[in-house]
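Presented below is the structure to which this report refers.
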Amino acid sequence: MNKESVIIESTSYWKDAFRRLKKNKLAMVGLYIIIGLILVAIFAPWLAPYDPYEVSYEEYLQPPSLKHPLGTDEFGRDILSRIIYGSRISLEVGIIAEGIATVVGVLLGSISGYYGGWVDHLIVELTNIVFAFPFLLFVIAIVVSLGPSLSNVFLAVGALNWAGTARLIRGQVLSLKESEYVEAARALGASNIRIIFRHILPNCIAPIIVSATLGMGGAIMIESSLSFLGLGAQPPTPSWGSMIDYAKDFLRTNLWYSFFPGLAIMITVFGFNLLGDGLRDALDPRLKI
Amino acid sequence: MTNYIIRRLLLTIPTLIGIITITFLLMYVVPGDPIRILMGQRGDPATIAMIRKQMGLDDPLPVQYIRFLTNVLKGDFGRSYATNRPVLSEILTRFPATLKLALASMLVASVIGLSAGIISATRQYSFFDYSSMVVALMGVSAPVFWVGLLLMWLFGYTLGWLPISGYGDISYLILPAITLGIRPAAYIARMTRSSFLEVLRQDYIRTARAKGLPEKRVIYIHAMRNTLITVVTILGMELASLLSGAVLTETIFAWPGIGRLSVDAIIKRDHPMVQGTVLFTAIIFIFANLIVDISYAFLDPRIRYE
């Protein structure tokens, strides 16, 4: 290197990606929605004006007012407080169920792509089968057979939602394992496990983050659908889906009761979708059209 | 072409067997004795034992599995515990309702999705482009059952224009079709936009413009053709998933299709019916995708030689 060479401050991949993400207004909106959701979930006891379980028969099915900004339900419970507490369940579903699905998907996808052969055939076939099943119906069947509860929803979603991630990671691993740096690592005597975890997977982190972000929105949607069918969170736990399940009986006269929990679901899933789309553009500039 | 179709058909066999196996295992691990459910608490042990034997529930697992597999392949899905009618014929009587709803919502979805997608692509970064893509993303994010309830409130209760739920003339079809069509409409809009933008960037489009063709002709004749290949695939895939029954929409609108049949069966623990609906919808899905793949190969000759 000669002395005259211009020193350009190097920006890391992540710094660069975050810079691109910040420029994308919609993605930032998504990020703020999710940060807001996390804060609401953490500070629920301080934010909620009332106890979400407190029954008050004198105040049943009240329309929105200053006292109850989003009205009350058929037991006189404050809807705003219940929605605030419900954010905890949605966030839990997003993190736990999608977490299980991502771990399973990444493991199966990388094994399938890296080792090839009959293992690959088997996993690809399994993925095709999972894709062929009517997803919601299959989740419902599993939850009913295990018994309706929130933890079984986590399990069922986790057990089925991995297929998309697995397919994605398999494709990535297939192309990466032929690359020169992997060949170099192999020549240096690195074990297969080390190559997968230290060399290949770190390079798949971008698609993993994108699919996990989008998947969290999907998991929240499935939980609310199951709770709407009475198979998820059991009363009196405030889950957005089950609130709508109860609210639908009062739809004719009390629209707001159905409206607000659904709005909460939509905004949350919207946030994850916006951020997921934005991350895809930011983390992988090649994909941007 | 024939080779391609045969190869593609053979590829579905392992998937089919896998689906049958998983469906079988799923019902086998379900807790609760089906006979107890069938007879209620009244049945005396001797009768129960007799029925168990009759139905072959005491046979070892592999024997039951082989019997299930051969029966399914013969088109015998068993009898419903609830009605004692053959499962398959019950499913087939419900199928037209699901088909009707699927086709109607597909119509809604493709009209909205295609037009929004094309307008967005031809006016990239315009106000329309931005807002329609945001609306599309919101459509994907809104829970189906909630959208259905809101539509029901507006057009059913408040305006009184359409029936709230049930099955009858075309007016009953409108709300469920719109409810079910919103999601695929959003997907179709997004995919149409992105594939149109890709096509518009290709050399032959530049050539068409350079030789002085009117812009309308470039877009609607030249670019449209190559966009359609992608769009047709998405339409087919969406139709396949719609055909496998709209569990939530059918439940809200009391639509007597397969989706509702299966939810009812799950709640009543009517195991053969659950097995039957899951299996039937999975098979429909596979064959619909098969047809999509084959028609794709017709549209794009490159596929056949892969």
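If you're wondering about the labels, chains in the structure tokens are A, B, ... by order shown, residues count from 1 in each chain, ligands from 1 in order shown.
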
Mind checking which residues fall within 8 Å of B:His271, counting only C-alpha atoms, ignoring those fewer than 6 positions away in the same chain, and posting them as a VMD selection string? chain B and resid 27 34 80 to 81 265

Pull out every residue of chain A sitting within 6 Å of chain B, counting only C-alpha atoms, and send them as a PyMOL selection string. chain A and resi 129+132-133+145+262+266+269-270

Near-stretch 177-192 of chain B list (6 Å; only C-alpha atoms; drop same-chain fewer than 5 positions) as number ranges by chain: B: 101, 104-105, 108-109, 112-114, 116-117, 136, 139-140, 148

Within 7 Å of stretch 160-162 of chain A, counting only C-alpha atoms, which residues qualify if same-chain residues fewer than 2 places away don't, as a JSON list (two decimals) with N, CA and C atoms, in the first residue's frame?
```json
[["chain", "number", "residue", "atom", "x", "y", "z"],
["A", 101, "ALA", "N", -40.55, -22.71, 14.92],
["A", 101, "ALA", "CA", -40.60, -22.97, 13.48],
["A", 101, "ALA", "C", -39.28, -22.61, 12.81],
["A", 102, "THR", "N", -38.69, -21.49, 13.21],
["A", 102, "THR", "CA", -37.45, -21.06, 12.57],
["A", 102, "THR", "C", -36.32, -22.03, 12.89],
["A", 104, "VAL", "N", -36.49, -25.21, 13.73],
["A", 104, "VAL", "CA", -36.72, -26.47, 13.01],
["A", 104, "VAL", "C", -36.43, -26.28, 11.52],
["A", 105, "GLY", "N", -36.94, -25.19, 10.96],
["A", 105, "GLY", "CA", -36.77, -24.93, 9.53],
["A", 105, "GLY", "C", -35.32, -24.78, 9.15],
["A", 130, "VAL", "N", -46.22, -31.13, 3.97],
["A", 130, "VAL", "CA", -46.73, -30.08, 4.86],
["A", 130, "VAL", "C", -47.40, -28.98, 4.05],
["A", 156, "ALA", "N", -48.39, -26.46, 17.74],
["A", 156, "ALA", "CA", -48.91, -26.82, 16.42],
["A", 156, "ALA", "C", -48.36, -25.89, 15.35],
["A", 157, "VAL", "N", -48.34, -24.60, 15.65],
["A", 157, "VAL", "CA", -47.82, -23.65, 14.67],
["A", 157, "VAL", "C", -46.34, -23.92, 14.43],
["A", 158, "GLY", "N", -45.61, -24.14, 15.53],
["A", 158, "GLY", "CA", -44.19, -24.42, 15.40],
["A", 158, "GLY", "C", -43.93, -25.68, 14.60],
["A", 164, "GLY", "N", -41.68, -23.44, 5.07],
["A", 164, "GLY", "CA", -41.24, -22.35, 4.20],
["A", 164, "GLY", "C", -39.78, -22.00, 4.46],
["A", 165, "THR", "N", -39.43, -21.89, 5.76],
["A", 165, "THR", "CA", -38.04, -21.57, 6.14],
["A", 165, "THR", "C", -37.10, -22.66, 5.64],
["A", 166, "ALA", "N", -37.51, -23.92, 5.83],
["A", 166, "ALA", "CA", -36.65, -25.03, 5.42],
["A", 166, "ALA", "C", -36.36, -24.96, 3.92]]
```

For A:Ser112: contacts at 9 Å, only C-alpha atoms, fewer than 4 positions along chain excluded, given as a PyMOL selection string: chain A and resi 107-108+116-124+166+170+173-174

Write the residues of the selection above to a file with N, CA and C atoms, as a compact mmCIF listing (two decimals), in the first residue's frame.
```txt
# COMPACT_ATOMS: atom_id res chain seq x y z
N LEU A 107 -32.65 -25.90 10.79
CA LEU A 107 -31.93 -27.17 10.95
C LEU A 107 -32.23 -28.10 9.78
N LEU A 108 -33.53 -28.34 9.52
CA LEU A 108 -33.89 -29.27 8.45
C LEU A 108 -33.40 -28.76 7.10
N GLY A 116 -27.52 -33.54 1.09
CA GLY A 116 -28.06 -34.08 -0.16
C GLY A 116 -28.47 -35.53 -0.01
N GLY A 117 -28.56 -36.25 -1.14
CA GLY A 117 -28.86 -37.68 -1.10
C GLY A 117 -30.24 -37.98 -0.56
N TRP A 118 -30.35 -39.13 0.11
CA TRP A 118 -31.69 -39.56 0.54
C TRP A 118 -32.24 -38.69 1.65
N VAL A 119 -31.36 -38.12 2.51
CA VAL A 119 -31.84 -37.23 3.57
C VAL A 119 -32.56 -36.03 2.93
N ASP A 120 -31.91 -35.50 1.90
CA ASP A 120 -32.47 -34.37 1.18
C ASP A 120 -33.84 -34.73 0.59
N HIS A 121 -33.90 -35.89 -0.08
CA HIS A 121 -35.17 -36.34 -0.67
C HIS A 121 -36.27 -36.41 0.37
N LEU A 122 -35.90 -37.01 1.52
CA LEU A 122 -36.87 -37.21 2.58
C LEU A 122 -37.40 -35.87 3.09
N ILE A 123 -36.48 -34.94 3.36
CA ILE A 123 -36.90 -33.65 3.92
C ILE A 123 -37.70 -32.85 2.89
N VAL A 124 -37.26 -32.89 1.63
CA VAL A 124 -38.01 -32.16 0.59
C VAL A 124 -39.42 -32.73 0.48
N ALA A 166 -37.51 -23.92 5.83
CA ALA A 166 -36.65 -25.03 5.42
C ALA A 166 -36.36 -24.96 3.92
N ARG A 170 -32.63 -24.33 2.50
CA ARG A 170 -32.06 -25.38 1.66
C ARG A 170 -31.47 -24.77 0.38
N VAL A 173 -28.28 -22.88 1.19
CA VAL A 173 -27.17 -23.77 1.52
C VAL A 173 -26.66 -24.46 0.27
N LEU A 174 -27.58 -24.86 -0.60
CA LEU A 174 -27.19 -25.53 -1.84
C LEU A 174 -26.21 -24.68 -2.63
```
